[in-house]
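Shown here: coords_15.cif, mmCIF, C-alpha atoms and all ligand atoms.
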data_model
loop_
_atom_site.label_atom_id
_atom_site.label_comp_id
_atom_site.auth_asym_id
_atom_site.auth_seq_id
_atom_site.Cartn_x
_atom_site.Cartn_y
_atom_site.Cartn_z
CA MET I 339 0.00 0.00 0.00
CA VAL I 340 1.27 3.48 -0.90
CA CYS I 341 1.32 5.90 2.03
CA SER I 342 2.82 9.27 2.94
CA GLU I 343 2.21 11.78 5.72
CA ASN I 344 0.76 14.20 3.18
CA MET I 345 -1.93 11.73 2.22
CA ILE I 346 -3.31 11.87 5.77
CA ASP I 347 -6.22 14.27 6.01
CA ASN I 348 -5.76 15.88 9.42
CA LYS I 349 -9.16 17.60 9.34
CA LYS I 350 -10.75 14.16 9.13
CA THR I 351 -8.60 12.74 11.93
CA LYS I 352 -9.25 15.78 14.14
CA LYS I 353 -12.99 15.31 13.64
CA LEU I 354 -12.65 11.62 14.50
CA PHE I 355 -10.84 12.54 17.69
CA PHE I 356 -13.68 14.80 18.83
CA ASN I 357 -16.40 12.38 17.76
CA ALA I 358 -17.70 9.14 19.19
CA ASP I 359 -14.68 7.19 17.92
CA PHE I 360 -12.60 8.47 20.79
CA ARG I 361 -12.08 5.44 23.01
CA GLY I 362 -11.78 7.40 26.23
CA GLU I 363 -9.17 5.12 27.77
CA GLU I 364 -6.60 6.80 29.93
CA GLU I 365 -3.75 4.32 29.82
CA ILE I 366 -2.59 1.59 27.47
CA ARG I 367 0.20 -0.99 27.48
CA VAL I 368 1.55 -2.06 24.07
CA PHE I 369 4.18 -4.62 23.04
CA ALA I 370 5.96 -4.32 19.67
CA PRO I 371 8.29 -7.00 18.33
CA ALA I 372 11.94 -7.20 17.34
CA THR I 373 12.56 -7.56 13.62
CA VAL I 374 15.15 -9.00 11.27
CA ALA I 375 15.83 -6.52 8.47
CA ASN I 376 17.33 -7.22 5.02
CA MET I 377 16.55 -10.97 5.08
CA ILE I 378 20.10 -11.36 3.71
CA CYS I 379 19.52 -10.43 0.04
CA GLY I 380 17.07 -7.52 0.42
CA PHE I 381 19.09 -4.62 1.85
CA ASP I 382 16.64 -1.96 3.08
CA ILE I 383 13.63 -3.62 1.39
CA LEU I 384 12.87 -6.90 3.21
CA GLY I 385 12.24 -7.70 6.87
CA PHE I 386 10.22 -9.90 9.19
CA ALA I 387 8.89 -9.71 12.74
CA LEU I 388 9.81 -12.06 15.59
CA ASP I 389 7.54 -13.33 18.36
CA GLU I 390 10.19 -12.32 20.86
CA PRO I 391 12.01 -10.31 22.10
CA GLY I 392 10.25 -6.94 21.91
CA ASP I 393 9.68 -3.67 23.77
CA GLU I 394 6.78 -2.42 25.83
CA VAL I 395 5.34 1.08 26.09
CA ILE I 396 2.88 2.18 28.74
CA MET I 397 1.24 5.43 27.70
CA ARG I 398 -1.12 7.50 29.78
CA ARG I 399 -3.08 10.61 28.97
CA VAL I 400 -2.27 13.65 31.09
CA GLU I 401 -3.84 17.09 31.30
CA ASN I 402 -0.85 19.18 30.27
CA SER I 403 -0.17 19.15 26.56
CA GLY I 404 3.00 17.61 25.15
CA VAL I 405 4.78 14.26 25.23
CA ARG I 406 6.96 13.33 28.20
CA ILE I 407 9.13 10.34 29.07
CA SER I 408 8.47 9.47 32.70
CA GLU I 409 10.56 6.28 32.93
CA ILE I 410 12.78 4.00 30.86
CA THR I 411 13.91 0.60 32.14
CA GLY I 412 16.28 -1.97 30.64
CA ASP I 413 18.48 0.46 28.70
CA ASP I 414 21.35 0.89 31.20
CA GLY I 415 20.75 4.62 30.99
CA LYS I 416 21.71 4.71 27.30
CA LEU I 417 18.57 6.29 25.84
CA PRO I 418 17.78 10.00 26.05
CA ARG I 419 15.12 10.99 28.59
CA ASP I 420 14.77 14.36 26.88
CA ALA I 421 11.48 13.99 24.96
CA SER I 422 12.74 15.91 21.92
CA ARG I 423 15.71 13.53 21.48
CA ASN I 424 14.08 10.24 22.38
CA THR I 425 12.83 8.49 19.23
CA VAL I 426 9.58 7.27 20.79
CA SER I 427 8.44 10.61 22.20
CA ALA I 428 9.74 12.59 19.21
CA CYS I 429 7.73 10.40 16.78
CA VAL I 430 4.60 10.56 18.93
CA GLN I 431 4.87 14.36 19.14
CA HIS I 432 5.46 14.58 15.39
CA MET I 433 2.32 12.54 14.76
CA LEU I 434 0.23 14.66 17.16
CA ASN I 435 1.50 17.85 15.50
CA HIS I 436 0.74 16.48 12.07
CA LEU I 437 -2.82 15.63 13.10
CA GLY I 438 -3.31 19.09 14.62
CA LEU I 439 -3.56 17.54 18.10
CA GLU I 440 -0.73 19.48 19.76
CA PHE I 441 -2.96 20.08 22.81
CA VAL I 442 -2.98 16.35 23.68
CA GLY I 443 -0.72 15.39 26.58
CA VAL I 444 0.77 11.93 27.18
CA GLU I 445 3.38 10.37 29.47
CA ILE I 446 5.43 7.41 28.35
CA VAL I 447 7.03 4.57 30.27
CA LEU I 448 9.35 2.50 28.06
CA HIS I 449 10.44 -1.00 29.09
CA LYS I 450 13.30 -2.21 26.88
CA HIS I 451 13.25 -5.99 26.78
CA MET I 452 15.89 -6.32 24.10
CA PRO I 453 19.45 -5.14 23.68
CA ILE I 454 20.12 -1.76 22.08
CA GLY I 455 22.41 -1.75 19.04
CA SER I 456 21.84 -5.46 18.45
CA GLY I 457 20.58 -5.36 14.85
CA LEU I 458 17.16 -6.55 15.99
CA GLY I 459 15.31 -3.32 15.33
CA SER I 460 15.40 -2.10 18.91
CA SER I 461 14.55 1.54 18.12
CA ALA I 462 11.88 0.41 15.62
CA ALA I 463 10.15 -1.77 18.26
CA SER I 464 10.02 1.10 20.78
CA THR I 465 8.85 3.66 18.23
CA VAL I 466 6.19 1.37 16.80
CA ALA I 467 4.91 0.55 20.31
CA GLY I 468 4.66 4.30 21.06
CA LEU I 469 2.88 5.20 17.82
CA PHE I 470 0.53 2.24 18.09
CA ALA I 471 -0.27 3.21 21.71
CA VAL I 472 -1.04 6.86 20.97
CA ASN I 473 -3.15 5.89 17.96
CA GLU I 474 -5.21 3.56 20.17
CA LEU I 475 -5.62 6.20 22.90
CA LEU I 476 -6.88 8.63 20.26
CA GLY I 477 -9.50 6.17 19.04
CA ARG I 478 -7.46 4.78 16.14
CA PRO I 479 -7.64 7.71 13.69
CA LEU I 480 -4.90 6.18 11.51
CA SER I 481 -4.46 2.76 9.96
CA ARG I 482 -1.25 0.83 10.64
CA GLN I 483 0.00 1.74 7.16
CA GLU I 484 -0.66 5.40 7.89
CA LEU I 485 1.51 5.14 11.03
CA LEU I 486 4.49 4.02 8.94
CA PRO I 487 5.76 7.44 7.76
CA PHE I 488 5.86 8.59 11.40
CA ALA I 489 7.82 5.51 12.42
CA LEU I 490 10.35 6.25 9.68
CA LYS I 491 11.13 9.56 11.39
CA GLY I 492 12.27 7.54 14.41
CA GLU I 493 14.76 5.56 12.32
CA GLU I 494 16.08 8.79 10.87
CA LEU I 495 16.62 10.12 14.37
CA ALA I 496 18.18 6.87 15.61
CA CYS I 497 20.67 6.23 12.81
CA GLY I 498 20.53 9.10 10.35
CA HIS I 499 18.55 7.20 7.72
CA GLY I 500 14.84 6.47 7.47
CA HIS I 501 14.94 2.84 6.37
CA ALA I 502 11.62 0.98 6.68
CA ASP I 503 12.69 -2.67 6.82
CA ASN I 504 12.45 -2.80 10.63
CA VAL I 505 9.46 -0.51 11.27
CA ALA I 506 7.26 -2.02 8.53
CA PRO I 507 7.35 -5.62 9.87
CA ALA I 508 7.22 -4.36 13.49
CA LEU I 509 4.03 -2.48 12.67
CA LEU I 510 2.36 -4.82 10.18
CA GLY I 511 3.72 -8.16 11.42
CA GLY I 512 4.85 -10.98 9.11
CA ILE I 513 7.27 -10.48 6.23
CA THR I 514 7.23 -7.14 4.45
CA LEU I 515 8.66 -5.83 1.20
CA ILE I 516 9.37 -2.12 0.70
CA ARG I 517 8.61 -1.97 -3.02
CA SER I 518 9.41 1.76 -3.09
CA TYR I 519 10.46 4.52 -0.67
CA GLU I 520 9.19 7.45 -2.74
CA PRO I 521 6.31 7.02 -2.55
CA LEU I 522 6.41 4.61 0.37
CA ASP I 523 4.87 1.39 -0.93
CA VAL I 524 4.88 -1.57 1.45
CA ILE I 525 3.67 -5.06 0.59
CA SER I 526 3.00 -7.90 3.03
CA LEU I 527 4.38 -11.21 1.76
CA PRO I 528 3.10 -14.68 2.71
CA VAL I 529 4.65 -16.38 5.72
CA PRO I 530 5.25 -20.07 5.00
CA PRO I 531 4.17 -22.46 7.76
CA ASN I 532 6.91 -24.23 9.71
CA LEU I 533 9.52 -21.54 9.30
CA TYR I 534 11.41 -20.88 12.55
CA CYS I 535 14.23 -18.55 13.35
CA ALA I 536 17.34 -18.86 15.52
CA VAL I 537 18.75 -15.48 16.44
CA VAL I 538 22.00 -14.91 18.31
CA PHE I 539 23.22 -11.55 19.52
CA PRO I 540 27.01 -11.65 20.10
CA HIS I 541 28.08 -9.13 22.71
CA VAL I 542 30.01 -6.79 20.46
CA GLU I 543 29.00 -3.28 19.51
CA VAL I 544 27.90 -2.35 16.01
CA LYS I 545 26.31 1.03 15.34
CA THR I 546 23.83 1.03 12.45
CA ARG I 547 25.03 4.48 11.42
CA GLU I 548 28.61 3.15 11.08
CA ALA I 549 27.60 -0.19 9.54
CA ARG I 550 25.73 1.73 6.84
CA MET I 551 28.91 3.60 5.97
CA MET I 552 30.60 0.27 5.23
CA VAL I 553 28.22 -0.48 2.38
CA GLN I 554 29.47 0.44 -1.09
CA ASN I 555 27.44 3.10 -2.88
CA ASN I 556 28.04 1.91 -6.41
CA ILE I 557 27.54 -1.60 -7.68
CA SER I 558 28.01 -3.12 -11.12
CA LEU I 559 25.18 -4.27 -13.37
CA GLN I 560 26.53 -7.80 -13.04
CA GLN I 561 26.22 -7.64 -9.23
CA ALA I 562 22.74 -6.14 -9.52
CA VAL I 563 21.64 -9.03 -11.73
CA VAL I 564 22.78 -11.58 -9.11
CA GLN I 565 20.97 -9.70 -6.34
CA TRP I 566 17.72 -9.18 -8.31
CA GLY I 567 17.66 -12.89 -9.07
CA ASN I 568 18.00 -13.77 -5.39
CA ILE I 569 15.35 -11.31 -4.21
CA ALA I 570 12.88 -12.50 -6.83
CA GLY I 571 13.74 -16.11 -5.94
CA LEU I 572 13.08 -15.47 -2.25
CA VAL I 573 9.73 -13.78 -2.91
CA SER I 574 8.71 -16.65 -5.16
CA ALA I 575 9.78 -19.18 -2.49
CA LEU I 576 7.55 -17.47 0.08
CA TYR I 577 4.54 -17.78 -2.25
CA THR I 578 5.20 -21.42 -3.07
CA ASN I 579 6.58 -22.66 0.31
CA ASP I 580 9.66 -23.84 -1.60
CA PHE I 581 12.35 -24.09 1.08
CA ASP I 582 15.07 -25.25 -1.36
CA LEU I 583 14.51 -22.14 -3.45
CA LEU I 584 14.45 -20.05 -0.26
CA SER I 585 17.87 -21.47 0.72
CA ARG I 586 19.38 -20.84 -2.71
CA SER I 587 18.03 -17.29 -2.76
CA MET I 588 18.98 -16.07 0.72
CA GLN I 589 22.48 -15.01 -0.27
CA ASP I 590 24.01 -11.57 -0.42
CA ILE I 591 26.95 -10.39 -2.47
CA LEU I 592 26.47 -6.65 -1.86
CA VAL I 593 26.45 -5.96 1.87
CA GLU I 594 27.44 -9.07 3.82
CA PRO I 595 31.04 -9.25 2.53
CA PHE I 596 31.69 -5.78 3.98
CA ARG I 597 29.83 -6.21 7.25
CA ALA I 598 30.92 -9.77 8.07
CA VAL I 599 34.14 -8.39 9.60
CA LEU I 600 32.07 -6.75 12.34
CA ILE I 601 30.89 -10.12 13.63
CA PRO I 602 33.31 -12.45 15.42
CA GLU I 603 33.62 -15.84 13.69
CA PHE I 604 30.99 -14.96 11.08
CA TYR I 605 32.06 -17.54 8.48
CA GLY I 606 32.70 -20.27 11.09
CA LEU I 607 29.24 -19.67 12.54
CA ARG I 608 27.68 -19.83 9.09
CA GLN I 609 29.33 -23.17 8.32
CA LEU I 610 28.19 -24.53 11.67
CA ALA I 611 24.58 -23.45 11.12
CA LEU I 612 24.44 -24.80 7.55
CA ASN I 613 26.01 -28.11 8.67
CA MET I 614 23.19 -28.41 11.20
CA GLY I 615 20.55 -28.06 8.49
CA ALA I 616 19.86 -24.32 8.65
CA LEU I 617 17.99 -23.12 5.56
CA CYS I 618 20.04 -19.93 5.50
CA PHE I 619 22.41 -17.94 7.68
CA GLY I 620 23.09 -14.23 7.67
CA ILE I 621 23.31 -10.90 9.46
CA SER I 622 20.19 -9.53 11.12
CA GLY I 623 19.85 -5.92 9.95
CA SER I 624 23.16 -4.15 10.35
CA GLY I 625 24.36 -6.69 12.95
CA PRO I 626 25.93 -7.83 15.13
CA SER I 627 23.01 -10.27 15.56
CA ILE I 628 22.97 -13.20 13.19
CA PHE I 629 20.05 -15.43 12.28
CA ALA I 630 19.25 -18.75 10.65
CA PHE I 631 15.96 -20.21 9.42
CA ALA I 632 15.05 -23.81 10.21
CA HIS I 633 12.17 -26.22 9.43
CA SER I 634 11.23 -26.73 13.08
CA ARG I 635 11.40 -24.93 16.41
CA GLU I 636 13.53 -27.79 17.82
CA ARG I 637 16.11 -27.48 15.04
CA ALA I 638 16.17 -23.68 15.44
CA ALA I 639 16.78 -24.14 19.19
CA GLU I 640 19.66 -26.59 18.54
CA ILE I 641 21.24 -24.19 16.04
CA SER I 642 20.92 -21.27 18.42
CA THR I 643 22.57 -23.27 21.24
CA GLN I 644 25.46 -24.42 19.02
CA LEU I 645 26.08 -20.90 17.72
CA GLN I 646 26.18 -19.57 21.27
CA GLU I 647 28.55 -22.33 22.39
CA HIS I 648 30.87 -21.60 19.45
CA LEU I 649 30.94 -17.91 20.35
CA GLU I 650 31.53 -18.77 24.01
CA LYS I 651 34.63 -20.80 23.03
CA THR I 652 36.06 -17.72 21.36
CA GLY I 653 35.37 -15.65 24.47
CA VAL I 654 32.31 -13.82 23.17
CA GLY I 655 29.15 -13.86 25.27
CA SER I 656 25.76 -13.79 23.54
CA ASN I 657 21.99 -13.86 23.88
CA GLY I 658 20.02 -16.49 21.97
CA TYR I 659 16.40 -16.36 20.84
CA VAL I 660 14.21 -18.91 19.10
CA SER I 661 11.08 -17.61 17.48
CA GLY I 662 8.41 -18.18 14.90
CA ILE I 663 7.56 -15.38 12.51
CA ASN I 664 5.21 -12.95 14.20
CA ASN I 665 2.16 -12.39 12.00
CA VAL I 666 0.48 -9.98 14.38
CA GLY I 667 2.87 -7.06 14.94
CA PRO I 668 2.10 -4.88 17.99
CA ARG I 669 -0.16 -6.28 20.72
CA ILE I 670 -2.19 -4.52 23.38
CA HIS I 671 -1.17 -5.93 26.76
CA GLY I 672 -3.66 -3.94 28.76
CA VAL I 673 -6.00 -0.95 28.80
CA ILE I 674 -7.10 1.01 31.87
N1 LIG I 701 18.53 -2.15 6.31
C1 LIG I 701 19.17 -1.58 7.46
C2 LIG I 701 20.67 -1.79 7.33
C3 LIG I 701 18.66 -2.26 8.69
O1 LIG I 701 21.08 -2.88 6.96
O2 LIG I 701 21.44 -0.85 7.59
C4 LIG I 701 19.26 -1.76 9.97
O3 LIG I 701 18.71 -2.50 11.06
#

Could the structure of this file be written out as C-alpha cells, please?
Amino acid sequence: MVCSENMIDNKKTKKLFFNADFRGEEEIRVFAPATVANMICGFDILGFALDEPGDEVIMRRVENSGVRISEITGDDGKLPRDASRNTVSACVQHMLNHLGLEFVGVEIVLHKHMPIGSGLGSSAASTVAGLFAVNELLGRPLSRQELLPFALKGEELACGHGHADNVAPALLGGITLIRSYEPLDVISLPVPPNLYCAVVFPHVEVKTREARMMVQNNISLQQAVVQWGNIAGLVSALYTNDFDLLSRSMQDILVEPFRAVLIPEFYGLRQLALNMGALCFGISGSGPSIFAFAHSRERAAEISTQLQEHLEKTGVGSNGYVSGINNVGPRIHGVI
C-alpha cells in the first residue's frame, strides 16, 4: 500500500478525535516485536517480525499538553530521557502535530526488553509501540500503514537514515517488502508455515550508522543481476513454500562481505549453522546479531545453542532467541 504523511487528512482525523470514535481510555500498554531486516539479500527492502524479544510502552493521557518520558527501564541509561531527542516521544509528538492535536498530553514509560544496538530493530520496536499506543488512545484515527511514515522519522533520528525494513514488519507483522520509498509502498508477503528462526546476539557493539557507511554506494550491473535474481527467488519461495529455493536465494553479495568483519567468527558460525541443516544464515539488519531459518522450532533451538557455544569458546558472550515469525505485529497488553 502506498502511504505518505501528506496523504493523511488531518481535518478528518481531528474530527474523528472529537467524535464518538474516541475510546476514552486513559492508559494503554503495548508490546511491539523485534525484527530482522534485510533478510540477507534484500538490503533496506525486506524484513520480518519475531515473536520475541520486543519492547513495551505504557502510555497515559495527562492534562498538560505535550509528550513526556516518565521512565525507561532496561536500557542501562543509554537512551535520552529528553522527549525531543528520544525516538519514541519525538515520533509521537510529530504525529500529534501532524494531526493538529498538539494540545494532547501523554506520558510514556518504556520497558526495553531487548538489547540496544543489536541489529534486531530495537529503536523500531520502541517507536512502533509508542505510535501504536497513541493511535489507540486517540481512538485509532490512523491505519497501521498510515503510522508508517511517522515511524520512519524515528529511524532517521536513531541512525541518520529512514529505512523501513524494521518498522514495517514491526508495525504490520509478518514479512514485508518495501517496493518503493518514494512514494512509500509496502507489501505484506506470505509467511510459510513451519519456518522458525534462531537469532544470536554476540556481545560486540555495532552502530547502524557506522555499519551503513561500510556499504558500497556503487555496484556493477553484473552484481545487480545476481541480487535481483536472489530477491525475486526469495519472494517466489515465500509464495510457493519452496524451502530449497528459499535457501538458494537467501544469499548476499552486496552488503554481507563488507559487514561480516564486524561479527566475530561470522564464516565459522555460518558453516556450523548450515552443517546443522539451517535453511540460511546471515546478518540480522546491520548486525551484530545473526540469524538462521530452520524447518522446526527444535532445530532452530539446537542451532541457536550451538552458535552460542561456538561464540563462548572464542570468548564472546551472547543472547540467543528462538522464534516463529510474528504475524500480528504490535499487541495490546492492557488498557485502563
Ligand atoms: N537495512 C538496514 C541496514 C537495517 O542494513 O542498515 C538496519 O537495522

Within 9 Å of ligand LIG 701 (chain I) (counting all atoms listed in the file), which residues show up? I'd like them as a ChimeraX atom specification.
/I:373-376,380-385,455-460,462,493,497,499,501-504,546-551,553,593,621-625

Hey, which of I:Gly443, I:Ala421, I:Leu437, I:Phe369 ends up closest to Ser403 of chain I? Count all atoms listed in the file.
I:Gly443

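As for atom CA of Arg398 of chain I and atom CA of Thr465 of chain I, they are spaced 15.7 Å apart.
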
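Within 7 Å of Gly571 of chain I, once only C-alpha atoms are used and residues closer than 3 positions along the same chain are dropped, the contacting residues are I:Gly567, I:Asn568, I:Ser574, I:Ala575, I:Leu583, I:Leu584, I:Ser587.
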
Any chance you could export the current selection's C-alpha atoms as a PDB file, in the coordinates of the input?
ATOM      1  CA  GLY I 567      17.660 -12.890  -9.070  1.00  0.00           C
ATOM      2  CA  ASN I 568      18.000 -13.770  -5.390  1.00  0.00           C
ATOM      3  CA  SER I 574       8.710 -16.650  -5.160  1.00  0.00           C
ATOM      4  CA  ALA I 575       9.780 -19.180  -2.490  1.00  0.00           C
ATOM      5  CA  LEU I 583      14.510 -22.140  -3.450  1.00  0.00           C
ATOM      6  CA  LEU I 584      14.450 -20.050  -0.260  1.00  0.00           C
ATOM      7  CA  SER I 587      18.030 -17.290  -2.760  1.00  0.00           C
TER       8      SER I 587
END

Residues within 6 Å of (-0.7, -12.0, 12.1), file coords, only C-alpha atoms, listed as JSON, numbers by chain
{"I": [511, 665, 666]}

Could you jot down the atom CA of Thr514 of chain I to atom CA of Ser585 of chain I separation for me, Å, one decimal place?
18.2 Å

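Counting from atom CA of Asp523 of chain I, the distance to atom CA of Gln561 of chain I is 24.6 Å.
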
Under the rule that all atoms listed in the file are counted, which of I:Ile378, I:Ile366, I:Met614, I:Val660 is the nearest residue to Met588 of chain I?
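Looking only at the distances to Met588 of chain I, the closest residue turns out to be I:Ile378.
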
Which residue gives the smallest distance to Ala630 of chain I among I:Cys618, I:Ala562, I:Ala370, I:Ile557, with only C-alpha atoms counted?
I:Cys618

Please identify all polymer residues within 9 Å of Val529 of chain I, counting all atoms listed in the file, omitting same-chain residues fewer than 2 positions from it, and present them as a list in words.
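The residues satisfying every condition are Gly512, Ile513, Leu527, Pro531, Leu533, Leu576, Tyr577, Asn579, Ile663 and Asn665 of chain I.
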